[in-house]
Every structure is written in C-alpha cells, then in structure tokens.
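Containing mmCIF, C-alpha atoms: start_9.cif.
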data_model
#
loop_
_atom_site.label_atom_id
_atom_site.label_comp_id
_atom_site.auth_asym_id
_atom_site.auth_seq_id
_atom_site.Cartn_x
_atom_site.Cartn_y
_atom_site.Cartn_z
CA MET A 14 0.00 0.00 0.00
CA LYS A 15 1.26 3.51 -0.83
CA ILE A 16 0.30 6.23 1.65
CA ILE A 17 0.67 9.94 0.87
CA LEU A 18 0.88 12.62 3.57
CA CYS A 19 0.44 16.17 2.36
CA ALA A 20 0.60 19.51 4.21
CA ILE A 21 -0.97 22.40 2.32
CA ALA A 22 -1.09 26.18 2.75
CA THR A 23 -4.18 27.68 1.08
CA LEU A 24 -5.30 31.10 -0.12
CA LEU A 25 -9.03 31.07 -0.90
CA LEU A 26 -11.52 33.57 -2.29
CA SER A 27 -14.99 32.08 -2.31
CA GLY A 28 -18.65 32.96 -2.52
CA THR A 29 -21.35 31.29 -0.41
CA ALA A 30 -24.64 29.47 -0.72
CA HIS A 31 -23.75 27.39 -3.74
CA ALA A 32 -22.12 24.12 -4.70
CA ASN A 33 -18.64 23.89 -6.18
CA ILE A 34 -17.25 21.17 -8.42
CA VAL A 35 -14.86 18.82 -6.64
CA ASN A 36 -12.11 17.46 -8.90
CA LEU A 37 -11.17 13.80 -8.36
CA GLN A 38 -9.57 13.13 -11.73
CA ARG A 39 -6.04 13.44 -10.33
CA ASP A 40 -6.93 10.83 -7.69
CA ILE A 41 -8.17 8.43 -10.36
CA ALA A 42 -5.03 8.96 -12.45
CA GLN A 43 -2.81 7.88 -9.53
CA ALA A 44 -4.25 4.35 -9.46
CA THR A 45 -2.18 2.78 -12.22
CA LYS A 46 -1.22 -0.60 -10.69
CA ASP A 47 -3.32 -3.47 -9.42
CA GLY A 48 -3.83 -3.60 -5.68
CA VAL A 49 -4.73 -1.16 -2.92
CA SER A 50 -3.25 2.32 -2.58
CA GLY A 51 -4.29 5.50 -0.85
CA GLY A 52 -3.44 8.92 0.45
CA ILE A 53 -3.86 11.14 3.51
CA ASN A 54 -3.79 14.94 3.38
CA LEU A 55 -3.57 17.10 6.52
CA THR A 56 -3.86 20.90 6.60
CA GLY A 57 -3.51 23.26 9.57
CA GLU A 58 -3.79 27.04 9.84
CA ALA A 59 -3.63 29.37 12.84
CA SER A 60 -3.30 33.13 13.49
CA THR A 61 -3.58 35.36 16.55
CA GLY A 62 -3.78 39.06 17.31
CA ASN A 63 -6.26 41.29 15.51
CA THR A 64 -7.42 38.33 13.47
CA MET A 65 -7.97 35.08 15.34
CA LEU A 66 -8.13 31.92 13.26
CA VAL A 67 -7.75 28.22 13.91
CA ARG A 68 -8.65 25.75 11.16
CA SER A 69 -7.69 22.20 10.31
CA SER A 70 -8.72 19.77 7.60
CA LEU A 71 -8.16 16.11 6.93
CA SER A 72 -8.78 14.19 3.75
CA GLY A 73 -8.05 10.70 2.57
CA ASP A 74 -8.69 8.44 -0.35
CA ILE A 75 -8.27 4.76 -1.03
CA TYR A 76 -8.21 2.97 -4.37
CA HIS A 77 -8.53 -0.66 -5.33
CA LYS A 78 -7.60 -1.65 -8.87
CA SER A 79 -8.08 -5.15 -10.20
CA GLY A 80 -7.61 -5.63 -13.92
CA ARG A 81 -10.19 -3.53 -15.72
CA TYR A 82 -11.99 -2.50 -12.51
CA LEU A 83 -11.19 0.49 -10.29
CA GLY A 84 -12.89 1.57 -7.07
CA LEU A 85 -12.29 4.91 -5.34
CA LEU A 86 -13.48 6.16 -1.94
CA ALA A 87 -12.64 9.77 -1.03
CA LEU A 88 -13.32 11.40 2.37
CA LYS A 89 -12.72 15.02 3.35
CA GLY A 90 -13.52 17.21 6.33
CA SER A 91 -12.53 20.47 8.00
CA TYR A 92 -13.38 22.53 11.08
CA GLY A 93 -12.38 26.01 12.21
CA PHE A 94 -13.05 29.02 14.44
CA LYS A 95 -12.33 32.70 13.89
CA GLY A 96 -12.56 35.92 15.86
CA ASN A 97 -10.88 39.26 16.50
CA ALA A 98 -9.28 41.34 19.25
CA GLY A 99 -7.99 38.24 21.00
CA ARG A 100 -11.34 36.42 21.20
CA PHE A 101 -12.80 33.56 19.22
CA ASP A 102 -16.44 33.51 18.15
CA PRO A 103 -18.40 30.76 19.99
CA ALA A 104 -19.68 29.15 16.79
CA PRO A 105 -17.43 27.65 14.08
CA PHE A 106 -17.17 29.53 10.80
CA ASP A 107 -15.98 26.53 8.80
CA ALA A 108 -17.25 22.98 9.03
CA ASN A 109 -17.59 20.59 6.11
CA THR A 110 -17.68 16.93 5.21
CA PHE A 111 -17.38 15.25 1.83
CA ILE A 112 -17.79 11.61 0.77
CA HIS A 113 -17.40 10.31 -2.78
CA LEU A 114 -17.60 6.74 -4.06
CA ARG A 115 -16.74 5.90 -7.67
CA ILE A 116 -16.47 2.65 -9.64
CA LYS A 117 -14.90 2.47 -13.10
CA ALA A 118 -15.00 -0.58 -15.35
CA GLN A 119 -13.17 -0.84 -18.67
CA VAL A 120 -15.54 -2.04 -21.39
CA PHE A 121 -13.21 -2.30 -24.39
CA GLY A 122 -10.06 -0.53 -25.55
CA PRO A 123 -9.91 2.98 -24.06
CA MET A 124 -13.65 3.03 -23.20
CA SER A 125 -14.94 2.63 -19.63
CA VAL A 126 -18.22 3.07 -17.76
CA GLU A 127 -18.37 5.02 -14.49
CA PHE A 128 -20.80 5.00 -11.59
CA PHE A 129 -20.56 7.45 -8.68
CA ALA A 130 -22.35 8.78 -5.59
CA GLN A 131 -21.50 11.78 -3.42
CA HIS A 132 -22.62 13.53 -0.21
CA GLU A 133 -21.43 16.96 0.91
CA PHE A 134 -22.02 19.48 3.73
CA ASP A 135 -20.25 22.85 3.86
CA MET A 136 -21.01 25.61 6.39
CA TRP A 137 -18.59 28.04 4.69
CA ARG A 138 -20.63 27.91 1.47
CA ARG A 139 -23.96 27.62 3.37
CA LEU A 140 -24.50 24.25 1.76
CA GLU A 141 -26.49 22.11 4.18
CA LEU A 142 -26.78 19.17 1.83
CA ARG A 143 -25.59 18.13 -1.57
CA ALA A 144 -26.32 14.57 -2.62
CA LEU A 145 -25.75 13.33 -6.13
CA GLY A 146 -25.29 10.20 -8.16
CA GLY A 147 -24.58 9.42 -11.73
CA ALA A 148 -23.38 7.15 -14.49
CA GLY A 149 -21.57 7.75 -17.73
CA LEU A 150 -18.80 6.94 -20.18
CA ARG A 151 -15.08 7.67 -19.96
CA VAL A 152 -12.23 7.45 -22.48
CA ASP A 153 -8.54 7.16 -21.50
CA LYS A 154 -5.85 7.62 -24.12
CA ARG A 155 -2.05 7.74 -23.83
CA LEU A 156 -0.85 9.85 -26.75
CA MET A 157 2.85 9.39 -25.92
CA ASP A 158 4.96 8.09 -23.07
CA ALA A 159 4.89 11.42 -21.27
CA PHE A 160 1.38 12.65 -22.15
CA SER A 161 -2.10 11.20 -21.62
CA ILE A 162 -5.67 12.51 -21.73
CA SER A 163 -9.01 11.38 -20.36
CA GLY A 164 -12.52 12.60 -21.01
CA GLY A 165 -15.96 11.69 -19.80
CA VAL A 166 -19.65 12.55 -19.84
CA SER A 167 -22.25 11.55 -17.25
CA ILE A 168 -25.86 12.18 -16.35
CA MET A 169 -25.95 13.60 -12.80
CA PRO A 170 -29.12 14.08 -10.70
CA THR A 171 -28.42 16.40 -7.76
CA TRP A 172 -30.28 17.32 -4.58
CA GLU A 173 -29.24 20.51 -2.72
CA LYS A 174 -30.42 22.23 0.46
CA LEU A 175 -29.04 25.71 1.14
CA SER A 176 -29.11 27.85 4.29
CA THR A 177 -30.60 31.32 3.79
CA SER A 178 -28.08 32.91 6.18
CA ALA A 179 -25.35 31.92 8.57
CA VAL A 180 -27.94 30.91 11.19
CA GLU A 181 -31.16 30.24 9.27
CA SER A 182 -32.03 27.15 7.28
CA SER A 183 -34.05 26.78 4.12
CA SER A 184 -36.75 24.13 4.14
CA ASP A 185 -36.54 23.65 0.38
CA VAL A 186 -34.60 20.81 -1.22
CA LEU A 187 -33.64 21.74 -4.77
CA PHE A 188 -33.47 19.07 -7.45
CA GLU A 189 -31.39 19.50 -10.59
CA LEU A 190 -30.50 17.21 -13.44
CA ARG A 191 -27.13 18.16 -14.89
CA ILE A 192 -24.77 16.77 -17.50
CA SER A 193 -21.22 16.44 -16.18
CA THR A 194 -18.43 16.57 -18.74
CA TYR A 195 -14.70 16.76 -18.12
CA LEU A 196 -11.34 16.66 -19.87
CA PHE A 197 -8.18 15.69 -17.97
CA ALA A 198 -4.58 15.87 -19.22
CA ALA A 199 -1.36 14.70 -17.56
CA TRP A 200 2.10 15.65 -18.83
CA LYS A 201 5.40 14.37 -17.44
CA ILE A 202 7.54 17.37 -18.33
CA THR A 203 10.79 15.99 -16.91
CA ASP A 204 11.73 13.17 -14.57
CA THR A 205 10.95 15.45 -11.62
CA VAL A 206 8.18 17.75 -12.90
CA ASN A 207 4.58 16.68 -13.64
CA ALA A 208 1.71 18.90 -14.77
CA MET A 209 -2.02 18.11 -14.75
CA ALA A 210 -5.01 20.06 -15.99
CA THR A 211 -8.73 19.41 -15.61
CA VAL A 212 -11.70 21.23 -17.15
CA TYR A 213 -15.28 20.53 -16.03
CA TRP A 214 -18.49 21.76 -17.65
CA GLN A 215 -21.78 20.92 -15.92
CA PRO A 216 -24.79 22.43 -17.72
CA LEU A 217 -28.36 22.07 -16.50
CA PHE A 218 -30.07 19.43 -18.64
CA SER A 219 -33.17 21.59 -19.29
CA ASP A 220 -31.21 24.84 -19.80
CA PRO A 221 -27.55 24.52 -20.88
CA GLN A 222 -27.00 28.27 -20.32
CA ASP A 223 -27.18 27.51 -16.59
CA SER A 224 -23.72 26.02 -16.25
CA ARG A 225 -20.94 25.40 -13.75
CA ILE A 226 -17.39 25.51 -15.09
CA MET A 227 -14.14 24.62 -13.37
CA LEU A 228 -10.47 24.83 -14.40
CA ASP A 229 -7.90 23.09 -12.17
CA LEU A 230 -4.14 23.33 -12.85
CA VAL A 231 -1.51 21.42 -10.86
CA VAL A 232 2.28 21.24 -11.05
CA GLU A 233 4.19 18.71 -8.92
CA VAL A 234 7.95 19.06 -8.53
CA ASP A 235 9.90 16.17 -6.99
CA VAL A 236 12.58 17.56 -4.67
CA ALA A 237 13.64 14.20 -3.21
CA LYS A 238 12.85 10.53 -3.68
CA ASN A 239 9.65 10.69 -1.60
CA LEU A 240 9.08 14.44 -1.41
CA ALA A 241 7.37 16.81 -3.84
CA LEU A 242 6.18 20.39 -3.95
CA VAL A 243 2.60 20.80 -5.19
CA PHE A 244 1.31 24.03 -6.75
CA GLU A 245 -2.40 24.24 -7.60
CA GLY A 246 -4.73 26.90 -8.98
CA VAL A 247 -8.50 26.53 -9.26
CA LEU A 248 -11.08 28.71 -11.00
CA GLN A 249 -14.82 28.04 -10.76
CA HIS A 250 -17.57 29.96 -12.54
CA ASP A 251 -21.34 29.69 -12.09
CA THR A 252 -23.32 31.36 -14.87
CA ARG A 253 -26.42 31.66 -12.64
CA PRO A 254 -25.44 31.76 -8.96
CA PRO A 255 -28.03 32.35 -6.22
CA ALA A 256 -28.96 35.96 -5.39
CA GLY A 257 -26.21 37.83 -3.59
CA VAL A 258 -23.51 35.32 -4.54
CA LEU A 259 -20.50 36.09 -6.73
CA ASN A 260 -20.28 34.02 -9.91
CA LEU A 261 -16.51 33.45 -9.65
CA ASP A 262 -14.43 31.51 -7.10
CA THR A 263 -10.66 31.20 -7.17
CA ALA A 264 -8.25 29.26 -4.97
CA SER A 265 -4.48 28.79 -4.89
CA LYS A 266 -2.65 26.11 -2.93
CA ILE A 267 0.98 25.32 -2.16
CA GLY A 268 1.70 21.93 -0.65
CA ILE A 269 4.41 19.50 0.34
CA ARG A 270 3.67 15.86 -0.42
CA TYR A 271 5.51 13.03 1.29
CA LYS A 272 5.06 9.47 0.03
CA PHE A 273 5.97 6.40 2.03
#

Could you quickly redo this structure as structure tokens?
Amino acid sequence: MKIILCAIATLLLSGTAHANIVNLQRDIAQATKDGVSGGINLTGEASTGNTMLVRSSLSGDIYHKSGRYLGLLALKGSYGFKGNAGRFDPAPFDANTFIHLRIKAQVFGPMSVEFFAQHEFDMWRRLELRALGGAGLRVDKRLMDAFSISGGVSIMPTWEKLSTSAVESSSDVLFELRISTYLFAAWKITDTVNAMATVYWQPLFSDPQDSRIMLDLVVEVDVAKNLALVFEGVLQHDTRPPAGVLNLDTASKIGIRYKF
C-alpha cells in the first residue's frame, strides 16, 4: 500500500450558498497498478492578534484496482473558528464533510463506464446538503509516453439544500439534473516535474446556459525521492449563482507531499 501525507497552505476567495465542483480526476489517475493504494492529506492554519483563526482539515482516499476495474473512496472534512481582538467567536465559521464513491470498469479498448455517488455538507458555502449520483462513459488515451488525456460525460441528478443565512435554514430541497463533462490531461515534463489540468463543464439538462465551469491546474515538482512540492490553482464559474452570490471563485494552494 502507498500512503501519501500532504501539508498544504491555502489562499481562498470564495462565494457562499452554492455548490462547487470537486475534482477527483487526479486521484483516479494515480491508481495505475493493481492492488490497494491511498493517500492522507492534513492541513492546519492558525493566526492570533487582531485576526484570530484556527482551522484544520483532513482528507483521505483509497483505491482498489483489479484488472479492468477500479474503485475509489474519497473522504474530506474540515473545522475552524475565527474571531478578533484576542477572542474567538463561539460558533465555528468553517465545518464541512465530503464523501465520494466511484467505480470504473473498462468495457473495451480505451472506453470505460463510471458510476458514482457523493454527499457533501459545507457551512462556509452555506450548503447544508448536496447529494448526487450518476453514471456515464469515460475514455482514456495515452498519446505518448509522457502525455495522456481522459474525457468523460455523465448524467448527474443532484439534490441541494441551502441555508438562507449563517444561522437560518431553508426548508426547500432543490433538485437538478445536470450533465457532467470533463477533460483531464497529464504531462510528465521531466523526470521530476509533472503537470495536470482538468476542465469541467456541468450544464443544467433543461437549460444549458445555466452552467458550472471549473479549471484546475496542478504542477508537482519532486525535490527528493519521496518528497514533492505541489502548486495548484483553481477557478470556478457559475453562470447563474443564487442571489447575492459572486459568480466566480478562485483558490491557490501550495503543498508538500511526502510518500511512504
């Protein structure tokens, strides 16, 4: 089993009261050999003085590959408090959980079928519930030794419940049927530098102009046998966000990944 421990520093600009796309294509790409493998990511952040902040997050994933079958289970969670003038607020400002299960089966050649289910809660984005499932087709193609691409399309029913404010809850559960499409590319630039890019487009089935778009760029630089620096930038755009919510989210991350 291969375990990955990763410490990440994050700069985040985000809106609230809406769902973001979570990219798992890099996780799927890591499962290249038969057997069980996995990873653990731990993040911590703290500040004192005029701005008080304590936040931690933990995520993990486990893969099992057997021939033409691949299973993936991803778990994520975080919790944090903030305040000012030397005092923390009594209620947390950040609390979220995320669970994703995916099964991929190769049908013939580069073609595979995918089935997935997901549950998410995120106080920061005022997302009380997001549950979704789906099924679709995926194509994996290695164009050269150092470059490969993958693409997929799925039908994705989604149920969402949003909070109307930081303390009030909405009683409405929103149902949407979206099409989820993605394109993933991995490029081994040198023996120590790897780059990955993912683009998602998730239009509403009944109105494609209502779309969610995500661009995720990652560069990993090996600095030692089991140590790598990870640089990531994420851009997410919602063409029709809820009232009072910005239509653009960006995030940048710098991490150190240790494999053992």

Test item: the PyMOL selection byres ((chain A and resi 86-99) around 7) resolved as a PyMOL selection string: chain A and resi 61-76+84-85+100-102+105-115

Residues matched by the PyMOL selection byres ((chain A and resi 39) around 9), written as a ChimeraX atom specification: /A:36-38,40-43,197,199,209-211

Pick out the residues sitting within 8 Å of region 226-231 of chain A, and hand them over as a short mmCIF file (atom, residue, chain, number, x, y, z; two decimals) with C-alpha atoms, in the coordinates of the input; count all atoms listed in the file, and ignore anything fewer than 4 positions along from it in its own chain.
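Everything below was put into result05.cif:
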data_model
loop_
_atom_site.label_atom_id
_atom_site.label_comp_id
_atom_site.auth_asym_id
_atom_site.auth_seq_id
_atom_site.Cartn_x
_atom_site.Cartn_y
_atom_site.Cartn_z
CA ILE A 34 -17.25 21.17 -8.42
CA ASN A 36 -12.11 17.46 -8.90
CA ALA A 208 1.71 18.90 -14.77
CA MET A 209 -2.02 18.11 -14.75
CA ALA A 210 -5.01 20.06 -15.99
CA THR A 211 -8.73 19.41 -15.61
CA VAL A 212 -11.70 21.23 -17.15
CA TYR A 213 -15.28 20.53 -16.03
CA TRP A 214 -18.49 21.76 -17.65
CA GLN A 215 -21.78 20.92 -15.92
CA VAL A 243 2.60 20.80 -5.19
CA PHE A 244 1.31 24.03 -6.75
CA GLU A 245 -2.40 24.24 -7.60
CA GLY A 246 -4.73 26.90 -8.98
CA VAL A 247 -8.50 26.53 -9.26
CA LEU A 248 -11.08 28.71 -11.00
CA GLN A 249 -14.82 28.04 -10.76
CA HIS A 250 -17.57 29.96 -12.54
CA ASP A 251 -21.34 29.69 -12.09
#

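Minimum distance to Asp204 (chain A) across A:Leu240, A:Ala159, A:Val258, A:Ser224 (counting only C-alpha atoms) occurs at A:Ala159.
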
Reference answer for the PyMOL selection byres ((chain A and resi 151) around 12), as number ranges by chain: A: 38, 41, 116-128, 148-150, 152-154, 162-167, 193-197

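Taking all atoms listed in the file into account, Val49 (chain A) lies nearest to A:His77 out of the set A:Lys238, A:Arg225, A:Arg191, A:His77.
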
Restore N, CA and C atoms in region 106-130 of chain A and list the result as an mmCIF file, in the coordinates of the input.
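What ended up in result-v5.cif:
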data_model
loop_
_atom_site.group_PDB
_atom_site.id
_atom_site.type_symbol
_atom_site.label_atom_id
_atom_site.label_comp_id
_atom_site.auth_asym_id
_atom_site.auth_seq_id
_atom_site.Cartn_x
_atom_site.Cartn_y
_atom_site.Cartn_z
ATOM 1 N N PHE A 106 -16.864 28.876 12.074
ATOM 2 C CA PHE A 106 -17.170 29.530 10.800
ATOM 3 C C PHE A 106 -16.983 28.562 9.632
ATOM 4 N N ASP A 107 -16.259 27.488 9.878
ATOM 5 C CA ASP A 107 -15.980 26.530 8.800
ATOM 6 C C ASP A 107 -16.177 25.124 9.335
ATOM 7 N N ALA A 108 -17.053 24.387 8.694
ATOM 8 C CA ALA A 108 -17.250 22.980 9.030
ATOM 9 C C ALA A 108 -17.784 22.306 7.773
ATOM 10 N N ASN A 109 -17.094 21.276 7.297
ATOM 11 C CA ASN A 109 -17.590 20.590 6.110
ATOM 12 C C ASN A 109 -17.175 19.136 6.110
ATOM 13 N N THR A 110 -17.980 18.344 5.432
ATOM 14 C CA THR A 110 -17.680 16.930 5.210
ATOM 15 C C THR A 110 -17.986 16.601 3.758
ATOM 16 N N PHE A 111 -17.246 15.621 3.236
ATOM 17 C CA PHE A 111 -17.380 15.250 1.830
ATOM 18 C C PHE A 111 -17.078 13.755 1.697
ATOM 19 N N ILE A 112 -17.964 13.040 1.027
ATOM 20 C CA ILE A 112 -17.790 11.610 0.770
ATOM 21 C C ILE A 112 -18.093 11.354 -0.699
ATOM 22 N N HIS A 113 -17.204 10.634 -1.359
ATOM 23 C CA HIS A 113 -17.400 10.310 -2.780
ATOM 24 C C HIS A 113 -16.987 8.866 -3.029
ATOM 25 N N LEU A 114 -17.858 8.132 -3.677
ATOM 26 C CA LEU A 114 -17.600 6.740 -4.060
ATOM 27 C C LEU A 114 -17.738 6.631 -5.564
ATOM 28 N N ARG A 115 -16.733 6.024 -6.207
ATOM 29 C CA ARG A 115 -16.740 5.900 -7.670
ATOM 30 C C ARG A 115 -16.235 4.519 -8.072
ATOM 31 N N ILE A 116 -16.883 3.942 -9.073
ATOM 32 C CA ILE A 116 -16.470 2.650 -9.640
ATOM 33 C C ILE A 116 -16.320 2.829 -11.144
ATOM 34 N N LYS A 117 -15.181 2.393 -11.661
ATOM 35 C CA LYS A 117 -14.900 2.470 -13.100
ATOM 36 C C LYS A 117 -14.602 1.079 -13.625
ATOM 37 N N ALA A 118 -15.220 0.737 -14.742
ATOM 38 C CA ALA A 118 -15.000 -0.580 -15.350
ATOM 39 C C ALA A 118 -14.693 -0.399 -16.831
ATOM 40 N N GLN A 119 -13.557 -0.921 -17.257
ATOM 41 C CA GLN A 119 -13.170 -0.840 -18.670
ATOM 42 C C GLN A 119 -14.046 -1.778 -19.486
ATOM 43 N N VAL A 120 -14.649 -1.247 -20.540
ATOM 44 C CA VAL A 120 -15.540 -2.040 -21.390
ATOM 45 C C VAL A 120 -14.761 -2.653 -22.539
ATOM 46 N N PHE A 121 -14.071 -1.819 -23.309
ATOM 47 C CA PHE A 121 -13.210 -2.300 -24.390
ATOM 48 C C PHE A 121 -12.256 -1.173 -24.772
ATOM 49 N N GLY A 122 -11.033 -1.540 -25.130
ATOM 50 C CA GLY A 122 -10.060 -0.530 -25.550
ATOM 51 C C GLY A 122 -9.949 0.592 -24.537
ATOM 52 N N PRO A 123 -10.034 1.842 -24.985
ATOM 53 C CA PRO A 123 -9.910 2.980 -24.060
ATOM 54 C C PRO A 123 -11.224 3.349 -23.370
ATOM 55 N N MET A 124 -12.321 2.665 -23.693
ATOM 56 C CA MET A 124 -13.650 3.030 -23.200
ATOM 57 C C MET A 124 -13.963 2.357 -21.876
ATOM 58 N N SER A 125 -14.519 3.144 -20.926
ATOM 59 C CA SER A 125 -14.940 2.630 -19.630
ATOM 60 C C SER A 125 -16.312 3.200 -19.282
ATOM 61 N N VAL A 126 -16.994 2.533 -18.349
ATOM 62 C CA VAL A 126 -18.220 3.070 -17.760
ATOM 63 C C VAL A 126 -17.900 3.472 -16.324
ATOM 64 N N GLU A 127 -18.577 4.516 -15.841
ATOM 65 C CA GLU A 127 -18.370 5.020 -14.490
ATOM 66 C C GLU A 127 -19.694 5.121 -13.756
ATOM 67 N N PHE A 128 -19.664 4.816 -12.471
ATOM 68 C CA PHE A 128 -20.800 5.000 -11.590
ATOM 69 C C PHE A 128 -20.297 5.712 -10.333
ATOM 70 N N PHE A 129 -21.042 6.705 -9.837
ATOM 71 C CA PHE A 129 -20.560 7.450 -8.680
ATOM 72 C C PHE A 129 -21.718 7.961 -7.831
ATOM 73 N N ALA A 130 -21.414 8.192 -6.547
ATOM 74 C CA ALA A 130 -22.350 8.780 -5.590
ATOM 75 C C ALA A 130 -21.567 9.697 -4.673
#
